[in-house]
Amino acid sequence: AQWWESDLEGVYDVSAVSLRFAGTGRFAYEIQTSTDDRMTWKTVVKDAAEATGAAVAIPLPAGTRTSGIRIVLDAAPPGGGLAEVGVRGTRAR
């Protein structure tokens with residue numbers, strides 16, 4: 001499986017992630033979060049989407065707090081991948 005991860009350099013209350021896929025076809029994905037400096041990961045969303053060229057906004061469960069984000073592509077069309085990832089949230093207090 002392909003994956004992408006980012007250290008948010010702080011703890012954030014995250015409300016949504018947006019994904020834009022490279023390629024055409026159906027992508028199965030997981031959005032994972034970490035609260036221990038990316039040592040362990042928890043899947044908070046597992047879904048699939050059809051690539052349209054536009055970003056797909058995915059709401060996260062209420063109360064999602066994380067210091068890292070990882071996107072795992074469980075299935076992607078040949079040559080497909082992630083083109084863009086956006087994270088919406090606020091720094092935790």
# chains A, B, ... in the order shown; residues from 1 in each chain; ligands from 1
>>> residues_around(residues="Leu19 in chain A", least_positions_apart="3", cutoff="9 Å", atoms="only C-alpha atoms", output="JSON, numbers by chain")
{"A": [54, 55, 56, 57, 58, 82, 83, 84, 85, 86]}
>>> write_last_selection(atoms="C-alpha atoms", output="PDB file, in the first residue's frame")
ATOM      1  CA  ALA A  54     -11.300  17.916  -7.582  1.00  0.00           C
ATOM      2  CA  ALA A  55     -10.411  17.598  -3.905  1.00  0.00           C
ATOM      3  CA  VAL A  56     -12.625  15.386  -1.746  1.00  0.00           C
ATOM      4  CA  ALA A  57     -13.409  16.856   1.712  1.00  0.00           C
ATOM      5  CA  ILE A  58     -13.591  14.174   4.412  1.00  0.00           C
ATOM      6  CA  LEU A  82      -2.110  11.412  -4.004  1.00  0.00           C
ATOM      7  CA  ALA A  83      -1.766  14.813  -5.679  1.00  0.00           C
ATOM      8  CA  GLU A  84      -2.662  17.027  -2.708  1.00  0.00           C
ATOM      9  CA  VAL A  85      -3.503  16.718   0.982  1.00  0.00           C
ATOM     10  CA  GLY A  86      -5.072  19.454   3.108  1.00  0.00           C
TER      11      GLY A  86
END
>>> atom_distance(atom1="CA of Thr33 in chain A", atom2="CA of Ala75 in chain A")
19.4 Å
>>> atom_distance(atom1="CA of Val17 in chain A", atom2="CA of Arg88 in chain A")
6.1 Å
>>> residues_around(residues="Thr43 in chain A", least_positions_apart="2", cutoff="6 Å", atoms="only C-alpha atoms", output="PyMOL selection string")
chain A and resi 31-32+45
>>> residues_around(residues="Trp3 in chain A", least_positions_apart="4", cutoff="7 Å", atoms="only C-alpha atoms", output="list in words")
Arg70, Ile71, Val72 and Leu73 of chain A
>>> write_last_selection(atoms="all heavy atoms", output="PDB file, in the first residue's frame")
ATOM      1  N   ARG A  70      -1.597  10.538   8.667  1.00  0.00           N
ATOM      2  CA  ARG A  70      -1.098   9.603   7.648  1.00  0.00           C
ATOM      3  C   ARG A  70      -2.271   9.198   6.763  1.00  0.00           C
ATOM      4  O   ARG A  70      -3.351   8.893   7.255  1.00  0.00           O
ATOM      5  CB  ARG A  70      -0.465   8.372   8.284  1.00  0.00           C
ATOM      6  CG  ARG A  70       0.058   7.403   7.235  1.00  0.00           C
ATOM      7  CD  ARG A  70       1.103   6.439   7.728  1.00  0.00           C
ATOM      8  NE  ARG A  70       0.596   5.526   8.728  1.00  0.00           N
ATOM      9  CZ  ARG A  70       1.359   4.643   9.361  1.00  0.00           C
ATOM     10  NH1 ARG A  70       2.659   4.589   9.118  1.00  0.00           N
ATOM     11  NH2 ARG A  70       0.834   3.838  10.248  1.00  0.00           N
ATOM     12  N   ILE A  71      -2.035   9.207   5.457  1.00  0.00           N
ATOM     13  CA  ILE A  71      -3.018   8.751   4.476  1.00  0.00           C
ATOM     14  C   ILE A  71      -2.464   7.459   3.878  1.00  0.00           C
ATOM     15  O   ILE A  71      -1.355   7.448   3.344  1.00  0.00           O
ATOM     16  CB  ILE A  71      -3.228   9.785   3.339  1.00  0.00           C
ATOM     17  CG1 ILE A  71      -3.456  11.203   3.882  1.00  0.00           C
ATOM     18  CG2 ILE A  71      -4.351   9.327   2.412  1.00  0.00           C
ATOM     19  CD1 ILE A  71      -4.622  11.362   4.806  1.00  0.00           C
ATOM     20  N   VAL A  72      -3.234   6.381   3.990  1.00  0.00           N
ATOM     21  CA  VAL A  72      -2.842   5.090   3.424  1.00  0.00           C
ATOM     22  C   VAL A  72      -3.784   4.800   2.258  1.00  0.00           C
ATOM     23  O   VAL A  72      -5.004   4.847   2.424  1.00  0.00           O
ATOM     24  CB  VAL A  72      -2.944   3.966   4.478  1.00  0.00           C
ATOM     25  CG1 VAL A  72      -2.584   2.617   3.860  1.00  0.00           C
ATOM     26  CG2 VAL A  72      -2.073   4.268   5.689  1.00  0.00           C
ATOM     27  N   LEU A  73      -3.208   4.530   1.092  1.00  0.00           N
ATOM     28  CA  LEU A  73      -4.015   4.117  -0.060  1.00  0.00           C
ATOM     29  C   LEU A  73      -4.060   2.597  -0.071  1.00  0.00           C
ATOM     30  O   LEU A  73      -3.070   1.936  -0.379  1.00  0.00           O
ATOM     31  CB  LEU A  73      -3.423   4.653  -1.365  1.00  0.00           C
ATOM     32  CG  LEU A  73      -3.461   6.169  -1.543  1.00  0.00           C
ATOM     33  CD1 LEU A  73      -2.842   6.570  -2.874  1.00  0.00           C
ATOM     34  CD2 LEU A  73      -4.875   6.696  -1.416  1.00  0.00           C
TER      35      LEU A  73
END
>>> select_by_dssp(residues="range 2-93 of chain A", states="strand (DSSP E)", output="PyMOL selection string")
chain A and resi 2-22+25-34+42-51+56-59+65-75+81-91
